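Visitor: Got a structure for you, run.pdb, holding PDB, N, CA and C atoms.
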```pdb
ATOM      1  N   MET A 251     -38.969  21.087   0.603  1.00  0.00           N
ATOM      2  CA  MET A 251     -38.903  21.809  -0.652  1.00  0.00           C
ATOM      3  C   MET A 251     -39.774  23.053  -0.516  1.00  0.00           C
ATOM      4  N   ASP A 252     -39.275  24.173  -0.997  1.00  0.00           N
ATOM      5  CA  ASP A 252     -40.072  25.390  -0.997  1.00  0.00           C
ATOM      6  C   ASP A 252     -40.561  25.699  -2.408  1.00  0.00           C
ATOM      7  N   SER A 253     -41.358  26.756  -2.542  1.00  0.00           N
ATOM      8  CA  SER A 253     -41.975  27.070  -3.835  1.00  0.00           C
ATOM      9  C   SER A 253     -40.944  27.431  -4.900  1.00  0.00           C
ATOM     10  N   LYS A 254     -39.841  28.024  -4.508  1.00  0.00           N
ATOM     11  CA  LYS A 254     -38.782  28.364  -5.481  1.00  0.00           C
ATOM     12  C   LYS A 254     -38.138  27.102  -6.046  1.00  0.00           C
ATOM     13  N   LYS A 255     -37.840  26.143  -5.174  1.00  0.00           N
ATOM     14  CA  LYS A 255     -37.230  24.883  -5.623  1.00  0.00           C
ATOM     15  C   LYS A 255     -38.189  24.098  -6.506  1.00  0.00           C
ATOM     16  N   LEU A 256     -39.459  24.059  -6.123  1.00  0.00           N
ATOM     17  CA  LEU A 256     -40.458  23.362  -6.928  1.00  0.00           C
ATOM     18  C   LEU A 256     -40.563  24.005  -8.304  1.00  0.00           C
ATOM     19  N   GLY A 257     -40.580  25.327  -8.343  1.00  0.00           N
ATOM     20  CA  GLY A 257     -40.641  26.035  -9.614  1.00  0.00           C
ATOM     21  C   GLY A 257     -39.469  25.703 -10.514  1.00  0.00           C
ATOM     22  N   LEU A 258     -38.295  25.609  -9.937  1.00  0.00           N
ATOM     23  CA  LEU A 258     -37.100  25.282 -10.706  1.00  0.00           C
ATOM     24  C   LEU A 258     -37.163  23.860 -11.253  1.00  0.00           C
ATOM     25  N   VAL A 259     -37.654  22.925 -10.455  1.00  0.00           N
ATOM     26  CA  VAL A 259     -37.811  21.545 -10.912  1.00  0.00           C
ATOM     27  C   VAL A 259     -38.781  21.492 -12.089  1.00  0.00           C
ATOM     28  N   ILE A 260     -39.895  22.186 -11.969  1.00  0.00           N
ATOM     29  CA  ILE A 260     -40.895  22.211 -13.030  1.00  0.00           C
ATOM     30  C   ILE A 260     -40.328  22.844 -14.292  1.00  0.00           C
ATOM     31  N   LYS A 261     -39.637  23.946 -14.146  1.00  0.00           N
ATOM     32  CA  LYS A 261     -39.043  24.634 -15.300  1.00  0.00           C
ATOM     33  C   LYS A 261     -38.022  23.738 -15.999  1.00  0.00           C
ATOM     34  N   ASN A 262     -37.151  23.113 -15.236  1.00  0.00           N
ATOM     35  CA  ASN A 262     -36.128  22.244 -15.825  1.00  0.00           C
ATOM     36  C   ASN A 262     -36.745  21.060 -16.560  1.00  0.00           C
ATOM     37  N   GLN A 263     -37.798  20.475 -15.978  1.00  0.00           N
ATOM     38  CA  GLN A 263     -38.474  19.348 -16.623  1.00  0.00           C
ATOM     39  C   GLN A 263     -39.137  19.799 -17.921  1.00  0.00           C
ATOM     40  N   ARG A 264     -39.815  20.925 -17.884  1.00  0.00           N
ATOM     41  CA  ARG A 264     -40.474  21.441 -19.082  1.00  0.00           C
ATOM     42  C   ARG A 264     -39.473  21.653 -20.197  1.00  0.00           C
ATOM     43  N   LYS A 265     -38.365  22.284 -19.864  1.00  0.00           N
ATOM     44  CA  LYS A 265     -37.341  22.562 -20.869  1.00  0.00           C
ATOM     45  C   LYS A 265     -36.715  21.271 -21.397  1.00  0.00           C
ATOM     46  N   SER A 266     -36.525  20.285 -20.522  1.00  0.00           N
ATOM     47  CA  SER A 266     -35.931  19.020 -20.969  1.00  0.00           C
ATOM     48  C   SER A 266     -36.846  18.295 -21.955  1.00  0.00           C
ATOM     49  N   LEU A 267     -38.143  18.573 -21.874  1.00  0.00           N
ATOM     50  CA  LEU A 267     -39.108  17.980 -22.798  1.00  0.00           C
ATOM     51  C   LEU A 267     -39.276  18.809 -24.073  1.00  0.00           C
ATOM     52  N   GLY A 268     -38.592  19.950 -24.129  1.00  0.00           N
ATOM     53  CA  GLY A 268     -38.674  20.813 -25.303  1.00  0.00           C
ATOM     54  C   GLY A 268     -39.996  21.552 -25.415  1.00  0.00           C
ATOM     55  N   LEU A 269     -40.641  21.781 -24.285  1.00  0.00           N
ATOM     56  CA  LEU A 269     -41.938  22.456 -24.281  1.00  0.00           C
ATOM     57  C   LEU A 269     -41.790  23.921 -23.871  1.00  0.00           C
ATOM     58  N   THR A 270     -42.664  24.746 -24.416  1.00  0.00           N
ATOM     59  CA  THR A 270     -42.723  26.144 -23.992  1.00  0.00           C
ATOM     60  C   THR A 270     -43.732  26.261 -22.854  1.00  0.00           C
ATOM     61  N   GLN A 271     -43.698  27.383 -22.174  1.00  0.00           N
ATOM     62  CA  GLN A 271     -44.705  27.629 -21.149  1.00  0.00           C
ATOM     63  C   GLN A 271     -46.098  27.627 -21.764  1.00  0.00           C
ATOM     64  N   THR A 272     -46.226  28.145 -22.968  1.00  0.00           N
ATOM     65  CA  THR A 272     -47.511  28.162 -23.664  1.00  0.00           C
ATOM     66  C   THR A 272     -47.986  26.750 -23.950  1.00  0.00           C
ATOM     67  N   ASP A 273     -47.084  25.874 -24.388  1.00  0.00           N
ATOM     68  CA  ASP A 273     -47.441  24.468 -24.629  1.00  0.00           C
ATOM     69  C   ASP A 273     -48.051  23.843 -23.376  1.00  0.00           C
ATOM     70  N   VAL A 274     -47.385  24.043 -22.261  1.00  0.00           N
ATOM     71  CA  VAL A 274     -47.833  23.447 -20.999  1.00  0.00           C
ATOM     72  C   VAL A 274     -49.166  24.053 -20.567  1.00  0.00           C
ATOM     73  N   ALA A 275     -49.271  25.361 -20.667  1.00  0.00           N
ATOM     74  CA  ALA A 275     -50.510  26.033 -20.273  1.00  0.00           C
ATOM     75  C   ALA A 275     -51.696  25.516 -21.080  1.00  0.00           C
ATOM     76  N   LEU A 276     -51.515  25.402 -22.387  1.00  0.00           N
ATOM     77  CA  LEU A 276     -52.599  24.925 -23.244  1.00  0.00           C
ATOM     78  C   LEU A 276     -52.984  23.483 -22.935  1.00  0.00           C
ATOM     79  N   SER A 277     -51.997  22.642 -22.671  1.00  0.00           N
ATOM     80  CA  SER A 277     -52.294  21.235 -22.406  1.00  0.00           C
ATOM     81  C   SER A 277     -52.976  21.030 -21.051  1.00  0.00           C
ATOM     82  N   CYS A 278     -52.805  21.983 -20.137  1.00  0.00           N
ATOM     83  CA  CYS A 278     -53.377  21.862 -18.795  1.00  0.00           C
ATOM     84  C   CYS A 278     -54.640  22.684 -18.592  1.00  0.00           C
ATOM     85  N   GLY A 279     -54.929  23.560 -19.533  1.00  0.00           N
ATOM     86  CA  GLY A 279     -56.091  24.429 -19.376  1.00  0.00           C
ATOM     87  C   GLY A 279     -55.889  25.520 -18.350  1.00  0.00           C
ATOM     88  N   VAL A 280     -54.638  25.945 -18.204  1.00  0.00           N
ATOM     89  CA  VAL A 280     -54.323  27.060 -17.304  1.00  0.00           C
ATOM     90  C   VAL A 280     -53.729  28.185 -18.137  1.00  0.00           C
ATOM     91  N   GLY A 281     -53.615  29.351 -17.545  1.00  0.00           N
ATOM     92  CA  GLY A 281     -53.033  30.478 -18.259  1.00  0.00           C
ATOM     93  C   GLY A 281     -51.512  30.395 -18.304  1.00  0.00           C
ATOM     94  N   MET A 282     -50.940  30.997 -19.327  1.00  0.00           N
ATOM     95  CA  MET A 282     -49.482  31.038 -19.446  1.00  0.00           C
ATOM     96  C   MET A 282     -48.873  31.783 -18.254  1.00  0.00           C
ATOM     97  N   ARG A 283     -49.560  32.795 -17.785  1.00  0.00           N
ATOM     98  CA  ARG A 283     -49.064  33.541 -16.622  1.00  0.00           C
ATOM     99  C   ARG A 283     -48.972  32.625 -15.398  1.00  0.00           C
ATOM    100  N   PHE A 284     -49.934  31.720 -15.245  1.00  0.00           N
ATOM    101  CA  PHE A 284     -49.877  30.784 -14.119  1.00  0.00           C
ATOM    102  C   PHE A 284     -48.615  29.940 -14.186  1.00  0.00           C
ATOM    103  N   VAL A 285     -48.319  29.414 -15.365  1.00  0.00           N
ATOM    104  CA  VAL A 285     -47.123  28.582 -15.534  1.00  0.00           C
ATOM    105  C   VAL A 285     -45.881  29.401 -15.202  1.00  0.00           C
ATOM    106  N   SER A 286     -45.834  30.621 -15.675  1.00  0.00           N
ATOM    107  CA  SER A 286     -44.699  31.502 -15.383  1.00  0.00           C
ATOM    108  C   SER A 286     -44.567  31.745 -13.887  1.00  0.00           C
ATOM    109  N   ASP A 287     -45.677  32.089 -13.241  1.00  0.00           N
ATOM    110  CA  ASP A 287     -45.649  32.320 -11.789  1.00  0.00           C
ATOM    111  C   ASP A 287     -45.202  31.073 -11.039  1.00  0.00           C
ATOM    112  N   LEU A 288     -45.708  29.919 -11.456  1.00  0.00           N
ATOM    113  CA  LEU A 288     -45.346  28.653 -10.815  1.00  0.00           C
ATOM    114  C   LEU A 288     -43.846  28.404 -10.936  1.00  0.00           C
ATOM    115  N   GLU A 289     -43.308  28.577 -12.138  1.00  0.00           N
ATOM    116  CA  GLU A 289     -41.876  28.345 -12.360  1.00  0.00           C
ATOM    117  C   GLU A 289     -41.011  29.353 -11.607  1.00  0.00           C
ATOM    118  N   ASN A 290     -41.555  30.519 -11.351  1.00  0.00           N
ATOM    119  CA  ASN A 290     -40.812  31.544 -10.620  1.00  0.00           C
ATOM    120  C   ASN A 290     -40.994  31.446  -9.113  1.00  0.00           C
ATOM    121  N   GLY A 291     -41.700  30.410  -8.661  1.00  0.00           N
ATOM    122  CA  GLY A 291     -41.813  30.154  -7.228  1.00  0.00           C
ATOM    123  C   GLY A 291     -42.815  31.013  -6.498  1.00  0.00           C
ATOM    124  N   LYS A 292     -43.803  31.560  -7.195  1.00  0.00           N
ATOM    125  CA  LYS A 292     -44.819  32.362  -6.517  1.00  0.00           C
ATOM    126  C   LYS A 292     -45.539  31.481  -5.512  1.00  0.00           C
ATOM    127  N   SER A 293     -45.473  31.856  -4.267  1.00  0.00           N
ATOM    128  CA  SER A 293     -45.983  30.990  -3.196  1.00  0.00           C
ATOM    129  C   SER A 293     -47.502  30.929  -3.127  1.00  0.00           C
ATOM    130  N   SER A 294     -48.188  31.822  -3.798  1.00  0.00           N
ATOM    131  CA  SER A 294     -49.653  31.809  -3.736  1.00  0.00           C
ATOM    132  C   SER A 294     -50.297  31.043  -4.890  1.00  0.00           C
ATOM    133  N   CYS A 295     -49.506  30.327  -5.696  1.00  0.00           N
ATOM    134  CA  CYS A 295     -50.069  29.544  -6.794  1.00  0.00           C
ATOM    135  C   CYS A 295     -50.978  28.454  -6.237  1.00  0.00           C
ATOM    136  N   GLN A 296     -52.050  28.166  -6.946  1.00  0.00           N
ATOM    137  CA  GLN A 296     -53.020  27.169  -6.514  1.00  0.00           C
ATOM    138  C   GLN A 296     -52.434  25.760  -6.661  1.00  0.00           C
ATOM    139  N   ILE A 297     -52.523  24.987  -5.595  1.00  0.00           N
ATOM    140  CA  ILE A 297     -51.914  23.659  -5.586  1.00  0.00           C
ATOM    141  C   ILE A 297     -52.557  22.729  -6.608  1.00  0.00           C
ATOM    142  N   GLY A 298     -53.855  22.819  -6.792  1.00  0.00           N
ATOM    143  CA  GLY A 298     -54.524  21.950  -7.762  1.00  0.00           C
ATOM    144  C   GLY A 298     -53.997  22.169  -9.169  1.00  0.00           C
ATOM    145  N   LYS A 299     -53.845  23.424  -9.553  1.00  0.00           N
ATOM    146  CA  LYS A 299     -53.310  23.741 -10.870  1.00  0.00           C
ATOM    147  C   LYS A 299     -51.845  23.333 -10.964  1.00  0.00           C
ATOM    148  N   ALA A 300     -51.100  23.527  -9.896  1.00  0.00           N
ATOM    149  CA  ALA A 300     -49.687  23.137  -9.889  1.00  0.00           C
ATOM    150  C   ALA A 300     -49.555  21.635 -10.115  1.00  0.00           C
ATOM    151  N   LEU A 301     -50.426  20.858  -9.486  1.00  0.00           N
ATOM    152  CA  LEU A 301     -50.396  19.404  -9.665  1.00  0.00           C
ATOM    153  C   LEU A 301     -50.760  19.015 -11.096  1.00  0.00           C
ATOM    154  N   LEU A 302     -51.694  19.733 -11.723  1.00  0.00           N
ATOM    155  CA  LEU A 302     -52.033  19.476 -13.125  1.00  0.00           C
ATOM    156  C   LEU A 302     -50.820  19.684 -14.026  1.00  0.00           C
ATOM    157  N   VAL A 303     -50.102  20.773 -13.793  1.00  0.00           N
ATOM    158  CA  VAL A 303     -48.907  21.068 -14.589  1.00  0.00           C
ATOM    159  C   VAL A 303     -47.867  19.978 -14.375  1.00  0.00           C
ATOM    160  N   MET A 304     -47.638  19.604 -13.119  1.00  0.00           N
ATOM    161  CA  MET A 304     -46.651  18.568 -12.822  1.00  0.00           C
ATOM    162  C   MET A 304     -47.003  17.263 -13.525  1.00  0.00           C
ATOM    163  N   GLU A 305     -48.257  16.880 -13.477  1.00  0.00           N
ATOM    164  CA  GLU A 305     -48.694  15.643 -14.127  1.00  0.00           C
ATOM    165  C   GLU A 305     -48.483  15.718 -15.642  1.00  0.00           C
ATOM    166  N   ALA A 306     -48.788  16.877 -16.223  1.00  0.00           N
ATOM    167  CA  ALA A 306     -48.674  17.042 -17.673  1.00  0.00           C
ATOM    168  C   ALA A 306     -47.239  16.904 -18.173  1.00  0.00           C
ATOM    169  N   ILE A 307     -46.276  17.221 -17.315  1.00  0.00           N
ATOM    170  CA  ILE A 307     -44.875  17.137 -17.734  1.00  0.00           C
ATOM    171  C   ILE A 307     -44.159  15.931 -17.119  1.00  0.00           C
ATOM    172  N   GLY A 308     -44.935  15.019 -16.551  1.00  0.00           N
ATOM    173  CA  GLY A 308     -44.370  13.762 -16.087  1.00  0.00           C
ATOM    174  C   GLY A 308     -43.744  13.767 -14.710  1.00  0.00           C
ATOM    175  N   LEU A 309     -44.090  14.747 -13.885  1.00  0.00           N
ATOM    176  CA  LEU A 309     -43.561  14.776 -12.526  1.00  0.00           C
ATOM    177  C   LEU A 309     -44.603  14.227 -11.560  1.00  0.00           C
ATOM    178  N   LYS A 310     -44.137  13.527 -10.523  1.00  0.00           N
ATOM    179  CA  LYS A 310     -45.015  13.002  -9.501  1.00  0.00           C
ATOM    180  C   LYS A 310     -44.585  13.553  -8.151  1.00  0.00           C
ATOM    181  N   LEU A 311     -45.557  13.828  -7.316  1.00  0.00           N
ATOM    182  CA  LEU A 311     -45.293  14.321  -5.974  1.00  0.00           C
ATOM    183  C   LEU A 311     -45.163  13.132  -5.037  1.00  0.00           C
ATOM    184  N   ALA A 312     -44.118  13.101  -4.236  1.00  0.00           N
ATOM    185  CA  ALA A 312     -43.905  12.008  -3.292  1.00  0.00           C
ATOM    186  C   ALA A 312     -43.663  12.583  -1.898  1.00  0.00           C
ATOM    187  N   PHE A 313     -44.073  11.865  -0.895  1.00  0.00           N
ATOM    188  CA  PHE A 313     -43.892  12.267   0.494  1.00  0.00           C
ATOM    189  C   PHE A 313     -42.991  11.246   1.168  1.00  0.00           C
ATOM    190  N   ASP A 314     -42.119  11.734   2.033  1.00  0.00           N
ATOM    191  CA  ASP A 314     -41.213  10.816   2.692  1.00  0.00           C
ATOM    192  C   ASP A 314     -41.621  10.545   4.155  1.00  0.00           C
ATOM    193  N   GLY A 315     -42.702  11.140   4.623  1.00  0.00           N
ATOM    194  CA  GLY A 315     -43.195  10.874   5.959  1.00  0.00           C
ATOM    195  C   GLY A 315     -42.542  11.692   7.048  1.00  0.00           C
ATOM    196  N   ASN A 316     -41.640  12.586   6.695  1.00  0.00           N
ATOM    197  CA  ASN A 316     -40.974  13.409   7.712  1.00  0.00           C
ATOM    198  C   ASN A 316     -41.595  14.770   7.798  1.00  0.00           C
TER     199      ASN A 316
END
```
Can the structure from this file be put into structure tokens for me?
Guide:
Amino acid sequence: MDSKKLGLVIKNQRKSLGLTQTDVALSCGVGMRFVSDLENGKSSCQIGKALLVMEAIGLKLAFDGN
């Protein structure tokens, strides 16, 4: 998975929950711009913050060992 695909997954999940980018940013303690950059696949987004956003919207990161 690349940063663009991850961003799309996050965006789709957020929208399916009826949340705005502002809602997610406020609940995670990150800026709205960060959420926007993350959803747009900006490759330099901080992984720790990305994981906070994913957790807040019910996504879990899994590894398949490959």
Visitor: When you draw a straight line from atom C of Gly279 of chain A to atom N of Arg264 of chain A, how long is it in Å?
Guide: 16.7 Å
Visitor: Would you list the contacts of Ile260 of chain A as a list of chain:residue names, taking every protein, DNA or RNA residue within 7 Å and counting only C-alpha atoms, but skipping same-chain residues closer than 3 positions in sequence?
Guide: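 Residues near the query, excluding close chain neighbours: A:Leu256, A:Gly257, A:Gln263, A:Arg264, A:Glu289, A:Met304.
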Visitor: Point out the residue among A:Leu267, A:Met251, A:Val280, A:Val259 with the least atom-to-atom distance to Lys299 of chain A, counting all atoms listed in the file.
Guide: A:Val280
Visitor: Could you find all residues in segment 256-303 of chain A that DSSP calls alpha helix (DSSP H) from the backbone, and write them as a ChimeraX atom specification?
Guide: /A:256-266,271-278,282-289,297-303
Visitor: What separation in Å, quoted to one decimal, exists between atom CA of Ala275 of chain A and atom N of Phe313 of chain A?
Guide: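 Calculated distance between atom CA of Ala275 of chain A and atom N of Phe313 of chain A is 24.9 Å.
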Visitor: Which distance in Å separates atom C of Lys310 of chain A and atom N of Ser286 of chain A, to one decimal?
Guide: 18.7 Å
Visitor: Selection in question (the file shown): the PyMOL selection byres ((chain A and resi 290) around 7). Which residues does it include, as a list in words?
Guide: Ser253, Lys254, Gly257, Leu258, Val285, Ser286, Asp287, Leu288, Glu289, Gly291, Lys292 and Ser293 of chain A
Visitor: Within 8 Å of Ala306 of chain A, counting only N, CA and C atoms, which residues show up once you throw out same-chain ones fewer than 6 positions away? Write them as a list in words, please.
Guide: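 Within the cut-off, the hits are Val274, Ser277, Cys278 and Ala300 of chain A.
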Visitor: Using only C-alpha atoms, find the one residue out of A:Met282, A:Cys295, A:Ile307, A:Leu301 that sits nearest to Leu269 of chain A.
Guide: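 Residue with the minimum atom-to-atom distance to Leu269 of chain A: A:Ile307.
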Visitor: Using 6 Å of padding on each side, determine the axis-aligned box around all atoms of segment 274-293 of chain A present in the file and give its centre and edge lengths in Å to one decimal, as JSON.
Guide:
```
{"center_x": -48.5, "center_y": 27.3, "center_z": -13.2, "size_x": 27.3, "size_y": 24.5, "size_z": 32.1}
```
Visitor: Show me that you can extract segment 266-303 of chain A, keeping N, CA and C atoms, and write it as a compact mmCIF listing (two decimals), in the first residue's frame.
Guide:
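File produced: out.txt:
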```
# COMPACT_ATOMS: atom_id res chain seq x y z
N SER A 266 -17.73 7.55 5.62
CA SER A 266 -18.74 6.54 5.96
C SER A 266 -19.25 6.72 7.38
N LEU A 267 -18.43 7.33 8.24
CA LEU A 267 -18.84 7.61 9.61
C LEU A 267 -19.56 8.95 9.75
N GLY A 268 -19.65 9.69 8.64
CA GLY A 268 -20.33 10.98 8.66
C GLY A 268 -19.53 12.07 9.36
N LEU A 269 -18.21 11.92 9.37
CA LEU A 269 -17.35 12.89 10.04
C LEU A 269 -16.70 13.83 9.03
N THR A 270 -16.47 15.05 9.48
CA THR A 270 -15.72 16.01 8.66
C THR A 270 -14.24 15.88 9.01
N GLN A 271 -13.40 16.46 8.18
CA GLN A 271 -11.98 16.49 8.50
C GLN A 271 -11.75 17.24 9.80
N THR A 272 -12.52 18.28 10.04
CA THR A 272 -12.40 19.05 11.28
C THR A 272 -12.77 18.19 12.48
N ASP A 273 -13.83 17.40 12.37
CA ASP A 273 -14.22 16.48 13.45
C ASP A 273 -13.05 15.57 13.83
N VAL A 274 -12.44 14.98 12.83
CA VAL A 274 -11.35 14.04 13.06
C VAL A 274 -10.14 14.75 13.66
N ALA A 275 -9.81 15.90 13.10
CA ALA A 275 -8.67 16.66 13.59
C ALA A 275 -8.84 17.02 15.07
N LEU A 276 -10.02 17.49 15.43
CA LEU A 276 -10.28 17.87 16.81
C LEU A 276 -10.21 16.67 17.76
N SER A 277 -10.74 15.54 17.32
CA SER A 277 -10.75 14.37 18.19
C SER A 277 -9.35 13.77 18.38
N CYS A 278 -8.45 14.05 17.44
CA CYS A 278 -7.10 13.49 17.50
C CYS A 278 -6.05 14.47 18.01
N GLY A 279 -6.42 15.73 18.10
CA GLY A 279 -5.45 16.74 18.51
C GLY A 279 -4.44 17.07 17.45
N VAL A 280 -4.86 16.94 16.19
CA VAL A 280 -4.00 17.31 15.07
C VAL A 280 -4.68 18.43 14.30
N GLY A 281 -3.94 19.06 13.41
CA GLY A 281 -4.52 20.13 12.61
C GLY A 281 -5.38 19.59 11.47
N MET A 282 -6.34 20.39 11.06
CA MET A 282 -7.19 20.00 9.93
C MET A 282 -6.34 19.84 8.66
N ARG A 283 -5.33 20.66 8.52
CA ARG A 283 -4.45 20.54 7.36
C ARG A 283 -3.75 19.18 7.34
N PHE A 284 -3.37 18.68 8.51
CA PHE A 284 -2.74 17.36 8.57
C PHE A 284 -3.68 16.30 8.03
N VAL A 285 -4.93 16.34 8.47
CA VAL A 285 -5.92 15.35 8.01
C VAL A 285 -6.08 15.45 6.50
N SER A 286 -6.16 16.66 5.99
CA SER A 286 -6.28 16.87 4.55
C SER A 286 -5.07 16.30 3.81
N ASP A 287 -3.87 16.63 4.29
CA ASP A 287 -2.65 16.11 3.66
C ASP A 287 -2.62 14.59 3.70
N LEU A 288 -3.00 14.02 4.83
CA LEU A 288 -3.01 12.56 4.98
C LEU A 288 -3.96 11.93 3.97
N GLU A 289 -5.17 12.47 3.86
CA GLU A 289 -6.16 11.92 2.93
C GLU A 289 -5.73 12.10 1.48
N ASN A 290 -4.92 13.10 1.22
CA ASN A 290 -4.44 13.34 -0.14
C ASN A 290 -3.16 12.60 -0.46
N GLY A 291 -2.70 11.77 0.48
CA GLY A 291 -1.55 10.90 0.21
C GLY A 291 -0.21 11.58 0.32
N LYS A 292 -0.11 12.68 1.05
CA LYS A 292 1.19 13.34 1.21
C LYS A 292 2.14 12.37 1.89
N SER A 293 3.21 12.06 1.22
CA SER A 293 4.11 11.00 1.71
C SER A 293 4.95 11.42 2.91
N SER A 294 5.00 12.69 3.22
CA SER A 294 5.82 13.12 4.36
C SER A 294 5.01 13.27 5.65
N CYS A 295 3.76 12.81 5.67
CA CYS A 295 2.95 12.89 6.89
C CYS A 295 3.58 12.03 7.98
N GLN A 296 3.49 12.49 9.21
CA GLN A 296 4.08 11.78 10.34
C GLN A 296 3.28 10.52 10.65
N ILE A 297 3.98 9.40 10.76
CA ILE A 297 3.31 8.12 10.96
C ILE A 297 2.57 8.06 12.29
N GLY A 298 3.12 8.65 13.33
CA GLY A 298 2.45 8.63 14.64
C GLY A 298 1.10 9.31 14.58
N LYS A 299 1.05 10.47 13.95
CA LYS A 299 -0.21 11.18 13.81
C LYS A 299 -1.17 10.42 12.89
N ALA A 300 -0.64 9.82 11.85
CA ALA A 300 -1.48 9.04 10.93
C ALA A 300 -2.13 7.88 11.68
N LEU A 301 -1.38 7.23 12.55
CA LEU A 301 -1.93 6.12 13.34
C LEU A 301 -3.00 6.62 14.31
N LEU A 302 -2.83 7.81 14.89
CA LEU A 302 -3.85 8.38 15.76
C LEU A 302 -5.16 8.59 15.00
N VAL A 303 -5.05 9.13 13.79
CA VAL A 303 -6.24 9.36 12.97
C VAL A 303 -6.91 8.04 12.64
```
